[in-house]
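Heads up, the thing below is written out as structure tokens.
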Amino acid sequence: MIENDEIKETKTTLLNPNQPIPPFISNLTGIDNEEVKDAPLFIDKAEEIIHILQDSYIIAHNANFDVGFLNMELAANGYPELKNPVLDTVELSRILFPTISSYKLSHLAEHFDLHHDDPHRALSDAYVTAKLFFKLKEKLDHLPYETLYKLKNLEEKLQSDLAVILDNRLEELAFREHPDNQIKHYQGLAFRMSEKKTKALSRIDKSFGEYLDDIYQEQGALSKAFSSYEPREGQRQMSETIYDAFSAGKHAFIEAGTGTGKSLAYLLPAVYQAVTNKERLIISTYTTQLQSQLLEEEIPLLKKVIDIPLPVALMKGKNHYLNLEKFLYELDYGSKDNYDFVLTKAILLVWITETETGDIDEIQLPAGGYIFFQKVSADVEKTINPKSPWFHHSYYQLARRRAQKADIIITNHALLCTDMFNDYAFLPGYQKVIIDEAHHFEETASHHYGLKLDYIQMQFTCNYLGTADEDKQFNKVLKASDMSQKGELINKWNAAIKEAKYDIDELFQLIERFVKAQQKTDKATSDLGRVQYRIKAETYQQDTWQLAQDIAARLRMHFRKLLDILSRLVDEYSLDIGDEKQFLEDIGQMQDVLEKYIDDLKVMFQEQNEVELIKWIEVDLKGKHHSVFLYSEPSNIAPILADDFFSKKESVIFTSATLTMGSSFKFIKERLGVSEQNLLTEQIASPFHYDKQVQLLIPTDFPNIRYGNIDDFVYAVCEAILSLAEVTSGRMLVLFTSYDMLRKANDLLKEMMTEQQYVIIAQGVTSGSRSRLKKNFQSYDRAILLGTSSFWEGVDIPGEDLSALVMVRLPFQPPNHPVFEAKSHQLKEEGKNPFMDLSLPQAVIKFKQGFGRLIRSSNDRGIVFICDGRIKTAKYGKYFLESIPEVPVHYETTRYLMSHAENWFHQQ
């Protein structure tokens, strides 16, 4: 019980649930049937509970569950439901501490260092929830007046009854200045935004060799900064190779094994080059999360090592940055019906008082929150007038200014490719670039040169634009104009929108029926479970596809009519000067969207294109109606990269742990189009002792899946998983190559287990993002994580959290995957072998990535179990084994392998 911000009293009792307690609950809480057999029933304590809660707030972590459970029991025993005001500490934690990565009570207790000896027991949980509430209230009391005022306008749709608390605090704050002078106050919005002064880079009056000596040698800067530092020969070797490439104006491929420390290895020559030559360098990573890791972990480490100012900036695409002007509009005039939208607005309100970047990757939004963010991101901006006051309150423009001043810019492959294919208009000028996780660069470049169209997004656009009688974007534009006669344009606009929506329906229904009607041999299945169909030359001769082309042409015509109407609004009508900026920006945004649809529909539905394209359709048969997606990408990105990238940049450094097959860079060189004449290559071995840290197990007695024994094979896989889990106490990552097999295994494992032996976390089955699933996996002592596709790489689970890795199948691309099929056909026409020149290299590189999930430090150890016997029986199997470090390989019966695993594992 809390009074005046103090815990005044605690009460606890066990209740007899009048039914057996499931083993899972006993494991979670430590409460078993014996412990509650003499405890009172709920009915015995109901009146006491009602009395305790009388005239009070109920504070609970996930209040809907607790209060709902309590009310269900009260109703079942003839008592009225509780009507108390509620404060949900999950919801309030999400709003008031938006940058925390997890809102489980145990994680919040750890974050705030709250005493929590007995998690999942009522008294301990209640005590920690009370302490958490004090933290939340303290945070609420430090928010600016404008933030609290806007929160008050959202409160009605939140689950927590904050009205009285907010009213009291607003009354206290009236006419007071907020003490933080970094908080800006503009048009009723409070937000943090400051320009950091950039220090000029110091000179380095040493040769590059002396510079590295001072850092890498035994008594150098690294050993002084870190007591546990161990010199890595490969790390210095990588730094030297990059500097050689920079000095010679060459491109380079560097494969650096796990544990090399490649981030520091490439940052050191990058800094030296920037300082001594006074030039800007770009460092590109595959994901925005890796960008943040470089800035938040690697750069601070670097600053410990080299004592010079380091102007480094992070640059992402517009869609990552919040647009404050759009956000303010949605706060004041947007819909308040959708809970996820309202919660997201509340989260963003608090976050903008803290963030210095406005980068949405800093926080976790609810599922629907990312849909809302599309409406308020900087991506909806056209060009902001520098004279506009919002120009100086733009997070995206702030990021651009920081990048212009920086000597090293950390970006991602997506923005790097967007910049490349838009005449280098997004990033400040550069001549040298380091591309980390470079095995993804071909795929990213192909996606960005290609396109994607889908039913849901196109209909969303039409609904967003709206008709003139709806409170949608077009109506807002009309209201901003001073037109005296709007009837003609209104009628034309409404007719075009209506016809466009009708034809979008017609087009995607037709395409969906077309794909379903094709022979099974013409269809593949994506790793998301969607049916795929490649659009080939003969497709254009089919009557159904010709009809689809006609509908697409009509749709383009409707979009052109909408563009003409927008142009007339700009050309023919004068505007009040106060409305002009917003009016033109809204129209410009609408024009951009419509023009892109017109261009993309032309590319997708015309047979001949300037660049040879692979086009395909994906249909989600289990999804919502019209879950249809159209894709295209170049069949060969290499000539495009050669012309638009490699010929225009002095030095491009590609690095990754997986670039070679059989010690050769041939595959990656050909796929990217890098000339041998202007290239350095280097392979750097991992410093880890894999021969002592890993055992590789391959069973000889698994059913052969080639003969249709899929169910038998999956059963054998599940038996092996559970047997191996007994050895390693769970702590296992299982990598699949298809969602279908993963789902079958998930269901079968749950059937085979007795009394919830392990927590099974399955991608695509268990809800949550990849990072969320990984965190959940690490939070349980005995857990098994099933993953496919993205889990083969980029998942870092160091230490004892991961002791076993199972690869169910060798990661070959399905032969009928549209992109693979088209590229294979092209290679055949060139007289090459699609298997050896495409399929095998791709599979080996992905295999190496999967293998790399297990050992992340010199102290890690574990077992790799490969269910696919082809690695030993097929001629090409040697390429997989030769691609990984030398480890003990055991090719025996499953029973023998499990016995060996147990002996080895427990001897360590």
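By order of appearance in the structure tokens: chains A, B, ..., then residues from 1 within every chain, and ligands from 1 in the order shown.
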
Using only C-alpha atoms, determine which residues lie at most 9 Å from stretch 394-408 of chain A, disregarding the query and same-chain residues fewer than 3 positions distant; provide the list as a CSV table (one decimal) with all heavy atoms, in the first residue's frame.
```
chain,number,residue,atom,x,y,z
A,193,MET,N,17.1,20.0,-28.8
A,193,MET,CA,17.8,20.1,-30.1
A,193,MET,C,19.0,21.1,-29.9
A,193,MET,O,18.7,22.2,-29.5
A,193,MET,CB,16.9,20.6,-31.2
A,193,MET,CG,17.6,20.5,-32.6
A,193,MET,SD,16.4,20.8,-33.9
A,193,MET,CE,15.4,19.3,-33.9
A,194,SER,N,20.2,20.6,-30.1
A,194,SER,CA,21.3,21.5,-30.0
A,194,SER,C,22.4,21.2,-31.0
A,194,SER,O,22.5,20.0,-31.4
A,194,SER,CB,21.9,21.4,-28.6
A,194,SER,OG,22.4,20.0,-28.4
A,195,GLU,N,23.0,22.2,-31.5
A,195,GLU,CA,24.1,22.1,-32.4
A,195,GLU,C,25.4,21.9,-31.6
A,195,GLU,O,25.8,22.8,-30.8
A,195,GLU,CB,24.3,23.3,-33.3
A,195,GLU,CG,23.1,23.5,-34.2
A,195,GLU,CD,23.2,22.8,-35.5
A,195,GLU,OE1,24.2,22.0,-35.7
A,195,GLU,OE2,22.3,22.9,-36.3
A,196,LYS,N,26.1,20.7,-31.7
A,196,LYS,CA,27.3,20.5,-31.0
A,196,LYS,C,28.5,21.2,-31.8
A,196,LYS,O,28.5,21.0,-33.0
A,196,LYS,CB,27.6,19.0,-30.8
A,196,LYS,CG,26.6,18.4,-29.9
A,196,LYS,CD,27.0,16.9,-29.7
A,196,LYS,CE,26.1,16.2,-28.7
A,196,LYS,NZ,26.4,14.8,-28.5
A,198,THR,N,31.9,21.4,-33.3
A,198,THR,CA,32.9,20.4,-33.8
A,198,THR,C,34.3,20.9,-33.6
A,198,THR,O,34.7,22.0,-34.1
A,198,THR,CB,32.6,20.1,-35.3
A,198,THR,OG1,31.3,19.8,-35.5
A,198,THR,CG2,33.5,19.0,-35.8
A,201,LEU,N,40.2,18.5,-36.3
A,201,LEU,CA,41.1,17.4,-36.1
A,201,LEU,C,42.5,17.9,-35.9
A,201,LEU,O,43.0,18.8,-36.5
A,201,LEU,CB,41.1,16.5,-37.3
A,201,LEU,CG,39.9,15.5,-37.5
A,201,LEU,CD1,40.0,14.8,-38.8
A,201,LEU,CD2,40.0,14.5,-36.4
A,270,ALA,N,41.2,4.8,-41.2
A,270,ALA,CA,40.2,5.9,-41.6
A,270,ALA,C,40.5,7.2,-40.9
A,270,ALA,O,40.5,8.3,-41.6
A,270,ALA,CB,38.8,5.4,-41.3
A,271,VAL,N,40.8,7.2,-39.6
A,271,VAL,CA,41.1,8.4,-38.9
A,271,VAL,C,42.4,9.0,-39.4
A,271,VAL,O,42.5,10.2,-39.6
A,271,VAL,CB,41.2,8.1,-37.4
A,271,VAL,CG1,41.8,9.3,-36.6
A,271,VAL,CG2,39.8,7.7,-36.8
A,274,ALA,N,41.9,10.6,-42.7
A,274,ALA,CA,41.1,11.9,-42.6
A,274,ALA,C,42.0,13.0,-42.0
A,274,ALA,O,41.9,14.1,-42.5
A,274,ALA,CB,39.9,11.6,-41.7
A,275,VAL,N,42.8,12.7,-41.1
A,275,VAL,CA,43.6,13.7,-40.4
A,275,VAL,C,44.8,14.2,-41.3
A,275,VAL,O,44.9,15.4,-41.5
A,275,VAL,CB,44.2,13.2,-39.1
A,275,VAL,CG1,45.2,14.2,-38.5
A,275,VAL,CG2,43.1,12.9,-38.1
A,278,LYS,N,43.2,15.5,-44.7
A,278,LYS,CA,42.1,16.4,-44.5
A,278,LYS,C,41.0,16.1,-45.6
A,278,LYS,O,40.6,16.9,-46.3
A,278,LYS,CB,42.6,17.8,-44.7
A,278,LYS,CG,43.6,18.2,-43.6
A,278,LYS,CD,43.8,19.7,-43.5
A,278,LYS,CE,44.8,20.1,-42.5
A,278,LYS,NZ,44.8,19.4,-41.2
A,279,GLU,N,40.6,14.8,-45.5
A,279,GLU,CA,39.5,14.4,-46.5
A,279,GLU,C,38.4,13.6,-45.7
A,279,GLU,O,38.7,13.0,-44.6
A,279,GLU,CB,40.0,13.6,-47.6
A,279,GLU,CG,40.7,12.3,-47.2
A,279,GLU,CD,41.1,11.5,-48.4
A,279,GLU,OE1,40.4,11.4,-49.4
A,279,GLU,OE2,42.2,10.9,-48.4
A,280,ARG,N,37.2,13.6,-46.3
A,280,ARG,CA,36.1,12.9,-45.7
A,280,ARG,C,36.1,11.5,-46.1
A,280,ARG,O,36.3,11.1,-47.3
A,280,ARG,CB,34.8,13.6,-46.0
A,280,ARG,CG,33.6,13.0,-45.4
A,280,ARG,CD,32.3,13.6,-45.9
A,280,ARG,NE,32.2,15.0,-45.5
A,280,ARG,CZ,32.2,16.1,-46.3
A,280,ARG,NH1,32.3,15.9,-47.6
A,280,ARG,NH2,32.1,17.3,-45.8
A,281,LEU,N,35.8,10.5,-45.1
A,281,LEU,CA,35.6,9.1,-45.5
A,281,LEU,C,34.2,8.7,-45.0
A,281,LEU,O,33.7,9.2,-44.0
A,281,LEU,CB,36.6,8.3,-44.7
A,281,LEU,CG,38.1,8.3,-45.3
A,281,LEU,CD1,38.9,9.4,-44.7
A,281,LEU,CD2,38.7,6.9,-45.1
A,282,ILE,N,33.7,7.7,-45.8
A,282,ILE,CA,32.4,7.1,-45.4
A,282,ILE,C,32.7,5.7,-44.9
A,282,ILE,O,33.5,4.9,-45.5
A,282,ILE,CB,31.5,7.0,-46.7
A,282,ILE,CG1,31.2,8.4,-47.2
A,282,ILE,CG2,30.2,6.3,-46.3
A,282,ILE,CD1,30.4,9.3,-46.4
A,283,ILE,N,32.0,5.3,-43.8
A,283,ILE,CA,32.0,3.9,-43.4
A,283,ILE,C,30.5,3.5,-43.4
A,283,ILE,O,29.6,4.1,-42.8
A,283,ILE,CB,32.5,3.8,-41.9
A,283,ILE,CG1,34.0,4.2,-41.9
A,283,ILE,CG2,32.3,2.4,-41.4
A,283,ILE,CD1,34.6,4.3,-40.5
A,310,LEU,N,37.6,13.8,-32.6
A,310,LEU,CA,37.2,12.9,-33.7
A,310,LEU,C,35.8,13.3,-34.2
A,310,LEU,O,34.8,12.8,-33.7
A,310,LEU,CB,37.2,11.4,-33.2
A,310,LEU,CG,37.3,10.3,-34.2
A,310,LEU,CD1,38.5,10.4,-35.0
A,310,LEU,CD2,37.2,9.0,-33.4
A,311,PRO,N,35.8,14.2,-35.2
A,311,PRO,CA,34.5,14.6,-35.8
A,311,PRO,C,33.8,13.4,-36.6
A,311,PRO,O,34.2,13.2,-37.7
A,311,PRO,CB,34.8,15.8,-36.6
A,311,PRO,CG,36.2,16.2,-36.3
A,311,PRO,CD,36.9,14.9,-35.8
A,312,VAL,N,32.9,12.7,-35.9
A,312,VAL,CA,32.2,11.6,-36.5
A,312,VAL,C,30.7,11.9,-36.5
A,312,VAL,O,30.2,12.3,-35.5
A,312,VAL,CB,32.5,10.3,-35.8
A,312,VAL,CG1,31.8,9.1,-36.4
A,312,VAL,CG2,34.0,10.0,-35.8
A,313,ALA,N,30.0,11.6,-37.6
A,313,ALA,CA,28.6,11.8,-37.7
A,313,ALA,C,27.9,10.5,-38.2
A,313,ALA,O,28.5,9.8,-39.0
A,313,ALA,CB,28.3,13.0,-38.6
A,314,LEU,N,26.7,10.4,-37.7
A,314,LEU,CA,25.8,9.3,-38.2
A,314,LEU,C,24.8,9.8,-39.2
A,314,LEU,O,24.2,10.9,-38.9
A,314,LEU,CB,25.1,8.7,-36.9
A,314,LEU,CG,24.4,7.3,-37.1
A,314,LEU,CD1,25.5,6.2,-37.2
A,314,LEU,CD2,23.6,7.0,-35.8
A,315,MET,N,24.7,9.1,-40.3
A,315,MET,CA,23.7,9.6,-41.3
A,315,MET,C,22.9,8.5,-41.8
A,315,MET,O,23.4,7.4,-42.2
A,315,MET,CB,24.5,10.2,-42.5
A,315,MET,CG,23.6,11.0,-43.4
A,315,MET,SD,23.0,12.6,-42.7
A,315,MET,CE,21.5,12.9,-43.7
A,316,LYS,N,21.5,8.6,-41.6
A,316,LYS,CA,20.6,7.6,-42.1
A,316,LYS,C,19.6,8.2,-43.1
A,316,LYS,O,19.6,9.5,-43.3
A,316,LYS,CB,19.8,7.0,-40.9
A,316,LYS,CG,20.7,6.4,-39.9
A,316,LYS,CD,19.9,5.8,-38.7
A,316,LYS,CE,20.8,5.1,-37.7
A,316,LYS,NZ,20.0,4.6,-36.6
A,317,GLY,N,18.8,7.4,-43.7
A,317,GLY,CA,17.8,7.9,-44.6
A,317,GLY,C,16.7,8.8,-43.9
A,317,GLY,O,16.5,8.6,-42.7
A,318,LYS,N,16.0,9.6,-44.7
A,318,LYS,CA,15.0,10.5,-44.1
A,318,LYS,C,13.9,9.7,-43.3
A,318,LYS,O,13.4,10.3,-42.3
A,318,LYS,CB,14.3,11.2,-45.2
A,318,LYS,CG,15.0,12.4,-45.8
A,318,LYS,CD,14.0,13.1,-46.8
A,318,LYS,CE,14.6,14.5,-47.2
A,318,LYS,NZ,13.7,15.2,-48.1
A,320,HIS,N,14.1,7.7,-41.1
A,320,HIS,CA,14.5,7.4,-39.7
A,320,HIS,C,14.3,8.6,-38.8
A,320,HIS,O,14.4,8.4,-37.6
A,320,HIS,CB,16.0,6.9,-39.7
A,320,HIS,CG,16.2,5.6,-40.3
A,320,HIS,ND1,16.1,4.4,-39.6
A,320,HIS,CD2,16.6,5.2,-41.5
A,320,HIS,CE1,16.4,3.4,-40.4
A,320,HIS,NE2,16.6,3.9,-41.6
A,321,TYR,N,14.1,9.8,-39.3
A,321,TYR,CA,14.1,11.0,-38.5
A,321,TYR,C,12.6,11.5,-38.3
A,321,TYR,O,11.9,11.5,-39.3
A,321,TYR,CB,15.0,12.0,-39.1
A,321,TYR,CG,16.4,11.6,-39.2
A,321,TYR,CD1,16.9,11.1,-40.4
A,321,TYR,CD2,17.3,11.7,-38.1
A,321,TYR,CE1,18.3,10.8,-40.5
A,321,TYR,CE2,18.6,11.4,-38.2
A,321,TYR,CZ,19.1,10.9,-39.4
A,321,TYR,OH,20.4,10.5,-39.5
A,322,LEU,N,12.3,11.9,-37.2
A,322,LEU,CA,11.0,12.5,-36.9
A,322,LEU,C,10.9,13.9,-37.4
A,322,LEU,O,11.9,14.7,-37.3
A,322,LEU,CB,10.8,12.6,-35.3
A,322,LEU,CG,9.5,13.2,-34.9
A,322,LEU,CD1,8.3,12.3,-35.3
A,322,LEU,CD2,9.5,13.4,-33.3
A,323,ASN,N,9.8,14.2,-38.1
A,323,ASN,CA,9.5,15.6,-38.5
A,323,ASN,C,8.6,16.2,-37.5
A,323,ASN,O,7.4,15.9,-37.3
A,323,ASN,CB,8.8,15.5,-39.9
A,323,ASN,CG,8.4,16.9,-40.5
A,323,ASN,OD1,7.9,17.7,-39.7
A,323,ASN,ND2,8.7,17.1,-41.7
A,324,LEU,N,9.1,17.2,-36.8
A,324,LEU,CA,8.4,17.8,-35.6
A,324,LEU,C,7.2,18.5,-36.1
A,324,LEU,O,6.1,18.5,-35.4
A,324,LEU,CB,9.3,18.8,-34.9
A,324,LEU,CG,10.4,18.1,-34.0
A,324,LEU,CD1,11.4,19.1,-33.5
A,324,LEU,CD2,9.8,17.3,-32.9
A,325,GLU,N,7.2,19.2,-37.3
A,325,GLU,CA,6.1,19.9,-37.8
A,325,GLU,C,4.9,19.0,-38.0
A,325,GLU,O,3.8,19.2,-37.7
A,325,GLU,CB,6.4,20.7,-39.0
A,325,GLU,CG,5.3,21.6,-39.6
A,325,GLU,CD,5.8,22.4,-40.8
A,325,GLU,OE1,6.8,22.0,-41.4
A,325,GLU,OE2,5.0,23.3,-41.2
A,356,GLU,N,18.8,13.7,-29.0
A,356,GLU,CA,19.6,14.8,-29.7
A,356,GLU,C,19.7,14.5,-31.2
A,356,GLU,O,20.3,15.3,-31.9
A,356,GLU,CB,21.0,14.9,-29.1
A,356,GLU,CG,21.0,15.3,-27.6
A,356,GLU,CD,22.4,15.6,-27.1
A,356,GLU,OE1,23.3,15.2,-27.8
A,356,GLU,OE2,22.5,16.1,-26.0
A,357,THR,N,19.0,13.4,-31.6
A,357,THR,CA,19.1,13.1,-33.0
A,357,THR,C,17.8,13.0,-33.7
A,357,THR,O,17.7,13.1,-34.9
A,357,THR,CB,19.8,11.7,-33.2
A,357,THR,OG1,19.0,10.7,-32.7
A,357,THR,CG2,21.2,11.7,-32.5
A,358,GLY,N,16.7,12.7,-33.0
A,358,GLY,CA,15.4,12.4,-33.6
A,358,GLY,C,15.4,11.2,-34.4
A,358,GLY,O,14.5,11.0,-35.3
A,359,ASP,N,16.3,10.2,-34.2
A,359,ASP,CA,16.4,9.0,-34.9
A,359,ASP,C,15.6,7.9,-34.3
A,359,ASP,O,15.8,7.6,-33.1
A,359,ASP,CB,17.9,8.6,-35.0
A,359,ASP,CG,18.1,7.2,-35.6
A,359,ASP,OD1,17.1,6.6,-36.1
A,359,ASP,OD2,19.3,6.8,-35.7
A,378,ALA,N,10.6,12.3,-41.5
A,378,ALA,CA,11.2,13.4,-42.4
A,378,ALA,C,11.0,12.9,-43.9
A,378,ALA,O,11.2,13.7,-44.8
A,378,ALA,CB,12.6,13.6,-42.1
A,390,TRP,N,10.8,26.0,-39.1
A,390,TRP,CA,10.9,24.5,-38.9
A,390,TRP,C,12.2,24.0,-39.5
A,390,TRP,O,12.6,22.9,-39.1
A,390,TRP,CB,9.7,23.8,-39.5
A,390,TRP,CG,8.5,24.0,-38.6
A,390,TRP,CD1,7.3,24.7,-38.9
A,390,TRP,CD2,8.2,23.4,-37.3
A,390,TRP,NE1,6.4,24.6,-37.9
A,390,TRP,CE2,7.0,23.8,-36.9
A,390,TRP,CE3,9.0,22.6,-36.5
A,390,TRP,CZ2,6.4,23.5,-35.6
A,390,TRP,CZ3,8.4,22.2,-35.2
A,390,TRP,CH2,7.2,22.7,-34.8
A,391,PHE,N,12.8,24.7,-40.4
A,391,PHE,CA,14.0,24.3,-41.0
A,391,PHE,C,15.1,24.1,-39.9
A,391,PHE,O,15.9,23.2,-39.9
A,391,PHE,CB,14.5,25.2,-42.1
A,391,PHE,CG,15.8,24.8,-42.8
A,391,PHE,CD1,15.7,24.0,-43.9
A,391,PHE,CD2,17.0,25.3,-42.4
A,391,PHE,CE1,16.9,23.6,-44.5
A,391,PHE,CE2,18.2,24.8,-43.0
A,391,PHE,CZ,18.1,24.0,-44.1
A,426,PHE,N,22.5,12.8,-51.5
A,426,PHE,CA,22.1,12.6,-50.1
A,426,PHE,C,23.3,12.7,-49.1
A,426,PHE,O,23.1,13.2,-48.0
A,426,PHE,CB,21.4,11.3,-49.9
A,426,PHE,CG,20.0,11.3,-50.5
A,426,PHE,CD1,19.9,10.8,-51.8
A,426,PHE,CD2,18.9,11.8,-49.8
A,426,PHE,CE1,18.6,10.8,-52.4
A,426,PHE,CE2,17.7,11.8,-50.4
A,426,PHE,CZ,17.5,11.3,-51.7
A,427,LEU,N,24.5,12.2,-49.5
A,427,LEU,CA,25.6,12.2,-48.6
A,427,LEU,C,26.6,13.3,-49.0
A,427,LEU,O,26.7,13.6,-50.2
A,427,LEU,CB,26.3,10.9,-48.6
A,427,LEU,CG,25.6,9.7,-48.0
A,427,LEU,CD1,26.3,8.4,-48.3
A,427,LEU,CD2,25.4,9.9,-46.5
A,428,PRO,N,27.3,13.9,-48.1
A,428,PRO,CA,28.4,14.9,-48.5
A,428,PRO,C,29.4,14.1,-49.4
A,428,PRO,O,29.6,12.9,-49.3
A,428,PRO,CB,29.0,15.3,-47.2
A,428,PRO,CG,27.9,15.0,-46.2
A,428,PRO,CD,27.2,13.8,-46.6
A,429,GLY,N,30.1,14.9,-50.2
A,429,GLY,CA,31.0,14.3,-51.2
A,429,GLY,C,32.1,13.5,-50.5
A,429,GLY,O,32.6,13.8,-49.4
```

What residues in stretch 20-151 of chain A get the DSSP label strand (DSSP E or B)? Please answer as a list in words. Ile58, Ile59, Ala60, Val86, Leu87 and Asp88 of chain A

List the neighbours of A:Glu442 out to 9 Å using only C-alpha atoms; skip same-chain residues closer than 6 positions along the sequence, and give me the result as an MDAnalysis selection string. chainID A and resid 637:638 668 671:672

Write out as a PyMOL selection string each polymer residue whose atoms come within 12 Å of stretch 550-554 of chain A, counting only C-alpha atoms; drop sequence neighbours fewer than 4 positions from it. chain A and resi 453+496+499-511+540+543-546+558-561+597-606

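Distance check against A:Thr539 using only C-alpha atoms: of A:Met752, A:Ile617, A:Leu154, A:Leu108, the minimum falls on A:Ile617.
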
Using only C-alpha atoms, what table do you get, as a Markdown table, when you list each residue of stretch 161-211 of chain A with an atom no more than 12 Å from stretch 79-97 of chain A, its nearest pair of atoms, and their distance in Å rounded to one decimal, rows by chain then rising number?
```
| residue | atom | partner | partner_atom | distance |
| --- | --- | --- | --- | --- |
| A:Asp161 | CA | A:Val86 | CA | 5.5 |
| A:Leu162 | CA | A:Leu87 | CA | 7.4 |
| A:Ala163 | CA | A:Pro85 | CA | 10.0 |
| A:Val164 | CA | A:Pro85 | CA | 10.2 |
| A:Ile165 | CA | A:Leu87 | CA | 10.6 |
```

Write out as JSON, numbers by chain each polymer residue whose atoms come within 8 Å of A:Leu840, counting only C-alpha atoms; drop sequence neighbours fewer than 4 positions from it. {"A": [812, 835, 836, 844, 876]}

Any idea what's packed within 7 Å of A:Met807, counting only C-alpha atoms, ignoring anything in its chain fewer than 2 positions away? Could you give it as a list in words?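 These residues fall inside the cut-off: Val734, Leu735, Phe736, Leu805, Arg809, Phe865, Ile866 and Cys867 of chain A.
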
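Taking atom CA of A:Lys11 and atom CA of A:Ile50 as the two end points, the separation is 13.5 Å.
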
At a cut-off of 9 Å, using only C-alpha atoms, what residues contact A:Ser858? Leave out same-chain residues fewer than 4 positions from it and give the result as JSON, numbers by chain. {"A": [259, 687, 688, 689, 690, 693]}

One decimal, Å: what's the distance from atom CA of A:Leu41 over to atom CA of A:Asn18, could you say? 7.4 Å
